[in-house]
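File shown: run-v2.cif. Contents: mmCIF, N, CA and C atoms.
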```cif
data_protein
#
loop_
_atom_site.label_atom_id
_atom_site.label_comp_id
_atom_site.auth_asym_id
_atom_site.auth_seq_id
_atom_site.Cartn_x
_atom_site.Cartn_y
_atom_site.Cartn_z
N MET A 310 22.79 17.69 1.94
CA MET A 310 24.04 16.99 1.71
C MET A 310 23.92 16.15 0.44
N ALA A 311 24.97 16.07 -0.32
CA ALA A 311 24.97 15.34 -1.58
C ALA A 311 24.92 13.84 -1.31
N SER A 312 24.33 13.11 -2.24
CA SER A 312 24.30 11.66 -2.09
C SER A 312 25.69 11.09 -2.35
N SER A 313 25.87 9.83 -1.98
CA SER A 313 27.20 9.22 -2.11
C SER A 313 27.65 9.16 -3.55
N SER A 314 26.71 9.05 -4.51
CA SER A 314 27.12 8.99 -5.91
C SER A 314 27.62 10.33 -6.41
N SER A 315 27.13 11.42 -5.82
CA SER A 315 27.58 12.73 -6.27
C SER A 315 28.66 13.32 -5.35
N SER A 316 29.06 12.60 -4.29
CA SER A 316 30.03 13.15 -3.35
C SER A 316 31.46 12.70 -3.66
N LYS A 317 31.73 12.30 -4.88
CA LYS A 317 33.09 11.97 -5.29
C LYS A 317 33.96 13.21 -5.07
N ILE A 318 35.12 13.00 -4.49
CA ILE A 318 36.03 14.12 -4.26
C ILE A 318 36.90 14.28 -5.50
N HIS A 319 36.83 15.46 -6.10
CA HIS A 319 37.57 15.75 -7.33
C HIS A 319 38.96 16.27 -7.00
N LEU A 320 39.90 16.02 -7.89
CA LEU A 320 41.25 16.51 -7.69
C LEU A 320 41.28 18.04 -7.70
N PHE A 321 40.61 18.64 -8.69
CA PHE A 321 40.63 20.10 -8.83
C PHE A 321 39.24 20.70 -8.62
N LYS A 322 39.22 21.91 -8.09
CA LYS A 322 37.98 22.60 -7.77
C LYS A 322 37.11 22.81 -9.01
N LYS A 323 37.70 23.14 -10.15
CA LYS A 323 36.90 23.39 -11.36
C LYS A 323 36.10 22.14 -11.75
N SER A 324 36.68 20.97 -11.58
CA SER A 324 35.96 19.73 -11.88
C SER A 324 34.79 19.54 -10.92
N ALA A 325 35.01 19.85 -9.66
CA ALA A 325 33.95 19.72 -8.65
C ALA A 325 32.81 20.69 -8.95
N ILE A 326 33.14 21.91 -9.35
CA ILE A 326 32.12 22.90 -9.70
C ILE A 326 31.32 22.40 -10.90
N GLY A 327 32.03 21.87 -11.91
CA GLY A 327 31.37 21.34 -13.10
C GLY A 327 30.44 20.18 -12.79
N ALA A 328 30.76 19.41 -11.76
CA ALA A 328 29.94 18.27 -11.37
C ALA A 328 28.79 18.69 -10.43
N GLY A 329 28.76 19.96 -10.05
CA GLY A 329 27.71 20.45 -9.16
C GLY A 329 27.97 20.21 -7.69
N THR A 330 29.21 19.85 -7.35
CA THR A 330 29.59 19.63 -5.94
C THR A 330 30.83 20.46 -5.62
N PRO A 331 30.69 21.78 -5.58
CA PRO A 331 31.86 22.65 -5.44
C PRO A 331 32.67 22.48 -4.16
N GLU A 332 32.10 21.86 -3.14
CA GLU A 332 32.84 21.68 -1.88
C GLU A 332 33.67 20.39 -1.87
N TYR A 333 33.51 19.53 -2.87
CA TYR A 333 34.20 18.24 -2.90
C TYR A 333 35.41 18.28 -3.84
N TYR A 334 36.48 18.92 -3.37
CA TYR A 334 37.72 18.99 -4.16
C TYR A 334 38.90 19.01 -3.21
N TYR A 335 40.08 18.67 -3.74
CA TYR A 335 41.30 18.73 -2.95
C TYR A 335 42.10 20.01 -3.21
N LEU A 336 42.33 20.32 -4.48
CA LEU A 336 43.25 21.41 -4.85
C LEU A 336 42.58 22.41 -5.78
N ASP A 337 42.99 23.67 -5.64
CA ASP A 337 42.45 24.74 -6.48
C ASP A 337 43.62 25.54 -7.07
N PRO A 338 44.18 25.08 -8.21
CA PRO A 338 45.28 25.81 -8.83
C PRO A 338 44.78 27.11 -9.45
N SER A 339 45.61 28.15 -9.38
CA SER A 339 45.25 29.44 -9.97
C SER A 339 45.17 29.31 -11.50
N ASP A 340 44.47 30.25 -12.12
CA ASP A 340 44.38 30.25 -13.59
C ASP A 340 45.76 30.34 -14.22
N ASN A 341 46.64 31.15 -13.62
CA ASN A 341 48.01 31.27 -14.15
C ASN A 341 48.74 29.93 -14.11
N LEU A 342 48.57 29.18 -13.03
CA LEU A 342 49.22 27.88 -12.92
C LEU A 342 48.66 26.91 -13.95
N MET A 343 47.36 26.97 -14.20
CA MET A 343 46.75 26.08 -15.19
C MET A 343 47.25 26.40 -16.61
N LYS A 344 47.71 27.62 -16.84
CA LYS A 344 48.23 27.99 -18.17
C LYS A 344 49.59 27.35 -18.45
N ILE A 345 50.26 26.86 -17.41
CA ILE A 345 51.57 26.23 -17.60
C ILE A 345 51.54 24.79 -17.07
N LYS A 346 50.53 24.05 -17.44
CA LYS A 346 50.34 22.67 -16.94
C LYS A 346 51.54 21.77 -17.21
N SER A 347 52.30 22.07 -18.24
CA SER A 347 53.45 21.20 -18.56
C SER A 347 54.58 21.34 -17.54
N ALA A 348 54.54 22.35 -16.68
CA ALA A 348 55.62 22.60 -15.72
C ALA A 348 55.34 21.98 -14.35
N TRP A 349 54.18 21.37 -14.15
CA TRP A 349 53.86 20.79 -12.84
C TRP A 349 52.88 19.64 -13.01
N ARG A 350 52.82 18.82 -11.96
CA ARG A 350 51.86 17.73 -11.95
C ARG A 350 51.55 17.33 -10.51
N VAL A 351 50.44 16.62 -10.37
CA VAL A 351 50.02 16.13 -9.06
C VAL A 351 49.74 14.63 -9.20
N VAL A 352 50.30 13.86 -8.27
CA VAL A 352 50.03 12.42 -8.22
C VAL A 352 49.33 12.14 -6.90
N GLU A 353 48.17 11.49 -6.99
CA GLU A 353 47.40 11.19 -5.79
C GLU A 353 47.76 9.80 -5.26
N HIS A 354 47.97 9.72 -3.96
CA HIS A 354 48.16 8.47 -3.24
C HIS A 354 47.02 8.35 -2.24
N GLU A 355 46.94 7.27 -1.53
CA GLU A 355 45.81 7.07 -0.63
C GLU A 355 45.67 8.18 0.42
N ASP A 356 46.78 8.55 1.06
CA ASP A 356 46.72 9.53 2.16
C ASP A 356 47.33 10.88 1.84
N PHE A 357 47.90 11.03 0.67
CA PHE A 357 48.57 12.29 0.35
C PHE A 357 48.68 12.47 -1.16
N PHE A 358 49.09 13.68 -1.54
CA PHE A 358 49.40 14.01 -2.93
C PHE A 358 50.88 14.36 -3.00
N VAL A 359 51.48 14.18 -4.16
CA VAL A 359 52.81 14.69 -4.41
C VAL A 359 52.67 15.73 -5.52
N LEU A 360 53.00 16.95 -5.19
CA LEU A 360 53.01 18.05 -6.15
C LEU A 360 54.44 18.20 -6.63
N SER A 361 54.66 18.04 -7.94
CA SER A 361 55.99 18.21 -8.54
C SER A 361 55.96 19.43 -9.44
N VAL A 362 56.95 20.30 -9.26
CA VAL A 362 57.02 21.52 -10.05
C VAL A 362 58.42 21.63 -10.64
N ASP A 363 58.50 21.83 -11.95
CA ASP A 363 59.77 22.04 -12.63
C ASP A 363 60.08 23.54 -12.58
N LEU A 364 60.84 23.94 -11.58
CA LEU A 364 61.11 25.36 -11.37
C LEU A 364 61.86 25.99 -12.54
N PHE A 365 62.76 25.24 -13.16
CA PHE A 365 63.54 25.77 -14.28
C PHE A 365 62.66 26.06 -15.49
N ALA A 366 61.58 25.31 -15.65
CA ALA A 366 60.65 25.57 -16.76
C ALA A 366 59.88 26.87 -16.56
N ILE A 367 59.78 27.31 -15.31
CA ILE A 367 59.01 28.51 -15.00
C ILE A 367 59.89 29.76 -15.02
N GLY A 368 61.11 29.68 -14.50
CA GLY A 368 62.00 30.84 -14.46
C GLY A 368 63.39 30.43 -14.04
N ASP A 369 64.31 31.39 -14.06
CA ASP A 369 65.70 31.11 -13.68
C ASP A 369 65.91 31.17 -12.18
N LEU A 370 65.13 31.99 -11.49
CA LEU A 370 65.16 32.05 -10.03
C LEU A 370 63.71 32.08 -9.58
N VAL A 371 63.30 31.00 -8.94
CA VAL A 371 61.89 30.84 -8.56
C VAL A 371 61.81 30.53 -7.07
N LEU A 372 60.95 31.25 -6.37
CA LEU A 372 60.70 30.99 -4.96
C LEU A 372 59.48 30.09 -4.85
N PHE A 373 59.57 29.11 -3.96
CA PHE A 373 58.50 28.13 -3.81
C PHE A 373 58.26 27.87 -2.34
N GLY A 374 57.04 27.97 -1.89
CA GLY A 374 56.75 27.64 -0.50
C GLY A 374 55.36 28.02 -0.09
N PRO A 375 55.00 27.66 1.15
CA PRO A 375 53.67 27.98 1.63
C PRO A 375 53.52 29.48 1.82
N GLU A 376 52.35 29.95 1.52
CA GLU A 376 52.00 31.37 1.67
C GLU A 376 51.57 31.59 3.12
N ALA A 377 51.46 32.86 3.50
CA ALA A 377 51.02 33.18 4.86
C ALA A 377 49.67 32.52 5.15
N GLU A 378 48.81 32.47 4.12
CA GLU A 378 47.55 31.74 4.26
C GLU A 378 47.94 30.26 4.38
N GLU A 379 47.48 29.59 5.38
CA GLU A 379 47.98 28.26 5.72
C GLU A 379 47.60 27.16 4.73
N TYR A 380 46.71 27.44 3.81
CA TYR A 380 46.25 26.41 2.88
C TYR A 380 46.63 26.75 1.44
N GLU A 381 47.79 27.37 1.26
CA GLU A 381 48.17 27.82 -0.08
C GLU A 381 49.68 27.68 -0.28
N ILE A 382 50.06 27.24 -1.47
CA ILE A 382 51.46 27.21 -1.88
C ILE A 382 51.62 28.25 -2.98
N GLN A 383 52.67 29.05 -2.87
CA GLN A 383 52.94 30.08 -3.88
C GLN A 383 54.24 29.78 -4.61
N ILE A 384 54.22 30.02 -5.90
CA ILE A 384 55.39 29.89 -6.75
C ILE A 384 55.59 31.27 -7.39
N ALA A 385 56.72 31.91 -7.11
CA ALA A 385 56.95 33.27 -7.61
C ALA A 385 58.24 33.33 -8.42
N VAL A 386 58.15 33.89 -9.62
CA VAL A 386 59.31 34.05 -10.49
C VAL A 386 60.01 35.35 -10.12
N VAL A 387 61.26 35.26 -9.71
CA VAL A 387 62.04 36.43 -9.34
C VAL A 387 62.91 36.88 -10.51
N LEU A 388 63.45 35.90 -11.25
CA LEU A 388 64.34 36.20 -12.37
C LEU A 388 64.07 35.21 -13.49
N GLU A 389 64.02 35.74 -14.73
CA GLU A 389 63.83 34.87 -15.88
C GLU A 389 64.59 35.44 -17.07
N ASN A 390 64.99 34.57 -18.00
CA ASN A 390 65.67 35.05 -19.19
C ASN A 390 64.64 35.50 -20.23
N LYS A 391 65.07 36.06 -21.34
CA LYS A 391 64.15 36.62 -22.33
C LYS A 391 63.23 35.57 -22.94
N ILE A 392 63.73 34.37 -23.13
CA ILE A 392 62.91 33.31 -23.72
C ILE A 392 61.76 32.95 -22.78
N LYS A 393 62.07 32.78 -21.50
CA LYS A 393 61.02 32.45 -20.54
C LYS A 393 60.09 33.63 -20.31
N ALA A 394 60.61 34.84 -20.33
CA ALA A 394 59.77 36.03 -20.18
C ALA A 394 58.79 36.13 -21.34
N ALA A 395 59.25 35.81 -22.55
CA ALA A 395 58.38 35.85 -23.73
C ALA A 395 57.26 34.82 -23.61
N ARG A 396 57.55 33.70 -22.99
CA ARG A 396 56.53 32.66 -22.80
C ARG A 396 55.34 33.21 -22.04
N PHE A 397 55.60 34.09 -21.09
CA PHE A 397 54.53 34.68 -20.29
C PHE A 397 54.14 36.07 -20.79
N LYS A 398 54.64 36.45 -21.95
CA LYS A 398 54.31 37.74 -22.60
C LYS A 398 54.58 38.92 -21.69
N HIS A 399 55.59 38.81 -20.84
CA HIS A 399 56.05 39.88 -19.94
C HIS A 399 54.95 40.42 -19.03
N LYS A 400 53.95 39.61 -18.77
CA LYS A 400 52.87 40.05 -17.88
C LYS A 400 53.28 39.80 -16.44
N ASP A 401 53.25 40.84 -15.63
CA ASP A 401 53.63 40.68 -14.23
C ASP A 401 52.74 39.67 -13.52
N GLY A 402 51.47 39.62 -13.89
CA GLY A 402 50.56 38.67 -13.27
C GLY A 402 50.93 37.23 -13.52
N MET A 403 51.73 36.97 -14.57
CA MET A 403 52.14 35.61 -14.88
C MET A 403 53.43 35.24 -14.17
N LYS A 404 53.81 36.02 -13.18
CA LYS A 404 55.02 35.69 -12.43
C LYS A 404 54.68 35.13 -11.06
N VAL A 405 53.41 35.02 -10.75
CA VAL A 405 52.99 34.46 -9.47
C VAL A 405 51.96 33.37 -9.76
N PHE A 406 52.21 32.19 -9.22
CA PHE A 406 51.35 31.03 -9.42
C PHE A 406 50.99 30.49 -8.04
N LYS A 407 49.73 30.09 -7.86
CA LYS A 407 49.30 29.61 -6.55
C LYS A 407 48.49 28.33 -6.70
N ILE A 408 48.56 27.52 -5.67
CA ILE A 408 47.68 26.36 -5.58
C ILE A 408 47.13 26.33 -4.15
N LYS A 409 45.83 26.50 -4.04
CA LYS A 409 45.17 26.47 -2.74
C LYS A 409 44.67 25.05 -2.48
N THR A 410 44.60 24.71 -1.22
CA THR A 410 44.07 23.41 -0.83
C THR A 410 42.76 23.61 -0.10
N ASN A 411 41.90 22.62 -0.15
CA ASN A 411 40.61 22.67 0.52
C ASN A 411 40.81 22.41 2.01
N PRO A 412 40.58 23.40 2.87
CA PRO A 412 40.85 23.22 4.31
C PRO A 412 39.97 22.17 4.98
N ASN A 413 38.88 21.78 4.32
CA ASN A 413 38.00 20.75 4.88
C ASN A 413 38.51 19.34 4.62
N ILE A 414 39.47 19.22 3.68
CA ILE A 414 39.93 17.90 3.26
C ILE A 414 41.45 17.74 3.38
N ILE A 415 42.18 18.84 3.34
CA ILE A 415 43.65 18.83 3.37
C ILE A 415 44.14 19.43 4.68
N LYS A 416 45.17 18.83 5.27
CA LYS A 416 45.80 19.42 6.45
C LYS A 416 46.45 20.73 6.08
N LYS A 417 46.53 21.66 7.01
CA LYS A 417 47.16 22.94 6.70
C LYS A 417 48.62 22.76 6.33
N ILE A 418 49.10 23.65 5.50
CA ILE A 418 50.49 23.61 5.05
C ILE A 418 51.31 24.47 5.99
N ASN A 419 52.34 23.87 6.57
CA ASN A 419 53.14 24.56 7.57
C ASN A 419 54.53 23.95 7.54
N VAL A 420 55.55 24.76 7.42
CA VAL A 420 56.89 24.20 7.30
C VAL A 420 57.55 23.88 8.63
N GLU A 421 57.02 24.38 9.72
CA GLU A 421 57.64 24.17 11.02
C GLU A 421 57.09 22.92 11.70
N ASP A 422 57.90 21.87 11.74
CA ASP A 422 57.55 20.63 12.44
C ASP A 422 56.19 20.07 12.03
N ASP A 423 55.87 20.14 10.77
CA ASP A 423 54.58 19.66 10.30
C ASP A 423 54.81 18.72 9.12
N THR A 424 54.28 17.52 9.20
CA THR A 424 54.48 16.55 8.13
C THR A 424 53.66 16.86 6.88
N THR A 425 52.85 17.90 6.91
CA THR A 425 52.07 18.21 5.71
C THR A 425 52.92 18.87 4.63
N TYR A 426 54.11 19.29 4.97
CA TYR A 426 54.98 19.97 3.99
C TYR A 426 56.34 19.31 4.03
N ARG A 427 56.65 18.53 3.03
CA ARG A 427 57.96 17.88 2.94
C ARG A 427 58.50 18.10 1.54
N VAL A 428 59.64 18.71 1.44
CA VAL A 428 60.28 18.85 0.14
C VAL A 428 61.11 17.59 -0.07
N LEU A 429 60.83 16.89 -1.14
CA LEU A 429 61.51 15.64 -1.43
C LEU A 429 62.62 15.87 -2.44
N PRO A 430 63.75 15.20 -2.30
CA PRO A 430 64.85 15.41 -3.24
C PRO A 430 64.50 14.90 -4.63
N GLU A 431 65.00 15.57 -5.60
CA GLU A 431 64.78 15.22 -7.01
C GLU A 431 66.09 15.49 -7.74
N ASP A 432 66.16 15.16 -8.98
CA ASP A 432 67.35 15.40 -9.79
C ASP A 432 67.64 16.91 -9.85
N PRO A 433 68.74 17.39 -9.24
CA PRO A 433 69.00 18.83 -9.19
C PRO A 433 69.26 19.45 -10.56
N SER A 434 69.63 18.65 -11.55
CA SER A 434 69.86 19.22 -12.89
C SER A 434 68.55 19.65 -13.54
N LYS A 435 67.45 19.10 -13.07
CA LYS A 435 66.14 19.46 -13.63
C LYS A 435 65.46 20.57 -12.83
N LEU A 436 65.94 20.84 -11.63
CA LEU A 436 65.34 21.82 -10.75
C LEU A 436 63.86 21.54 -10.49
N VAL A 437 63.57 20.27 -10.22
CA VAL A 437 62.21 19.87 -9.89
C VAL A 437 62.10 19.75 -8.38
N ILE A 438 61.05 20.34 -7.83
CA ILE A 438 60.80 20.23 -6.40
C ILE A 438 59.53 19.40 -6.22
N ARG A 439 59.53 18.53 -5.22
CA ARG A 439 58.37 17.70 -4.92
C ARG A 439 57.93 17.96 -3.49
N VAL A 440 56.63 18.16 -3.31
CA VAL A 440 56.08 18.44 -1.99
C VAL A 440 54.94 17.47 -1.73
N MET A 441 54.95 16.89 -0.54
CA MET A 441 53.85 16.02 -0.12
C MET A 441 52.79 16.87 0.57
N ILE A 442 51.53 16.68 0.17
CA ILE A 442 50.40 17.38 0.77
C ILE A 442 49.47 16.30 1.32
N PHE A 443 49.27 16.27 2.63
CA PHE A 443 48.53 15.19 3.26
C PHE A 443 47.04 15.48 3.38
N LYS A 444 46.25 14.44 3.17
CA LYS A 444 44.80 14.51 3.30
C LYS A 444 44.40 14.35 4.76
N LEU A 445 43.27 14.91 5.12
CA LEU A 445 42.69 14.67 6.44
C LEU A 445 41.96 13.33 6.40
N LYS A 446 41.88 12.67 7.51
CA LYS A 446 41.06 11.46 7.62
C LYS A 446 39.61 11.92 7.75
N LEU A 447 38.80 11.56 6.78
CA LEU A 447 37.40 11.99 6.78
C LEU A 447 36.51 10.90 7.38
N LYS A 448 35.52 11.31 8.13
CA LYS A 448 34.56 10.37 8.70
C LYS A 448 33.70 9.81 7.56
N ASN A 449 33.39 8.55 7.63
CA ASN A 449 32.51 7.88 6.67
C ASN A 449 33.00 7.99 5.24
N GLN A 450 34.29 8.10 5.03
CA GLN A 450 34.82 8.16 3.67
C GLN A 450 35.13 6.75 3.21
N SER A 451 34.44 6.31 2.19
CA SER A 451 34.70 4.98 1.66
C SER A 451 35.63 5.06 0.48
N SER A 452 36.29 3.96 0.17
CA SER A 452 37.25 3.95 -0.94
C SER A 452 36.57 4.19 -2.27
N LYS A 453 35.28 3.91 -2.40
CA LYS A 453 34.61 4.13 -3.68
C LYS A 453 34.38 5.60 -3.97
N ASN A 454 34.48 6.47 -2.96
CA ASN A 454 34.30 7.90 -3.17
C ASN A 454 35.58 8.63 -3.51
N ARG A 455 36.68 7.93 -3.64
CA ARG A 455 37.95 8.59 -3.94
C ARG A 455 38.18 8.67 -5.40
#
```
Go through the file and emit its structure as structure tokens.
Amino acid sequence: MASSSSSKIHLFKKSAIGAGTPEYYYLDPSDNLMKIKSAWRVVEHEDFFVLSVDLFAIGDLVLFGPEAEEYEIQIAVVLENKIKAARFKHKDGMKVFKIKTNPNIIKKINVEDDTTYRVLPEDPSKLVIRVMIFKLKLKNQSSKNR
């Protein structure tokens, strides 16, 4: 087991891997999602994260929600105009974006009667969706390790 100095929980999996503690992360965004960092952001709070995604920046008709895998959110572009299509160089692989959560640290994502998935209202002219992702209460987790 890693010592307390090396057991800092990283926001993203790539940072945790770089630090030599690949199991200590909250979120694992897909490479495609990392290529469009300007269209989304994550804000960490003590017990949860807020994931904000600008759907209009990604496409004209975008589906957003938890995937069948309980620890994953998928963002899929169904329709886009030529300008947005050119941004992704018409690659079909750039029409699906995912963010996985660490099942050891994050509650499963479930839309049915589960507080781990809440779509929060935002300015509809911007087409921004906000989702709360709740952390699990970890044993022996001190505030200095966050």
* Asked: If we count only N, CA and C atoms, what is near Lys444 (chain A) at a cut-off of 6.5 Å, once residues fewer than 5 positions away on the same chain are taken out, given as an NGL selection string?
  -> :A and (356-358 or 414-416)
* **Between CA of Ile318 (chain A) and CA of Tyr380 (chain A), distance in Å (one decimal)** => 17.5 Å
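Each of A:Val386, A:Leu372, A:Pro412, A:Leu320 was checked against Pro338 (chain A) using only N, CA and C atoms; the smallest atom-to-atom distance is that of A:Leu320.
Using the PyMOL selection byres (((chain A and resi 342 and name CA) around 9) and name CA) on this structure selects Pro338, Ser339, Asp340, Asn341, Met343, Lys344, Ile345, Lys346, Ala348, Trp349, Ile384, Met403, Val405, Phe406, Lys407 and Ile408 of chain A.
When CA of Pro375 (chain A) is paired with CA of Val359 (chain A), their separation reads 14.6 Å.
Selection check: the PyMOL selection byres ((chain A and resi 411) around 6) on the shown file gives Tyr334, Tyr335, Leu336, Asp337, Lys409, Thr410, Pro412, Asn413, Ile414 and Ile415 of chain A.
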* Asked: How many Å lie between atom N of Ala385 (chain A) and atom C of Phe373 (chain A), rounded to one decimal?
  -> 6.4 Å
* To do: Find the residues near Val362 (chain A): any atom within 7 Å, counting only N, CA and C atoms, skip ones fewer than 3 places away on the same chain, and give them as number ranges by chain.
  => A: 348-350, 365-366, 436-440
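Residue nearest Ala395 (chain A) within the list A:Lys417, A:Tyr333, A:Ile367, A:Glu381: A:Ile367 [criterion: smallest interatomic distance, only C-alpha atoms].
The residue that comes closest to Ser361 (chain A), out of A:Lys446, A:Leu388, A:Met441, A:Gln383 and on the basis of all atoms listed in the file, is A:Met441.
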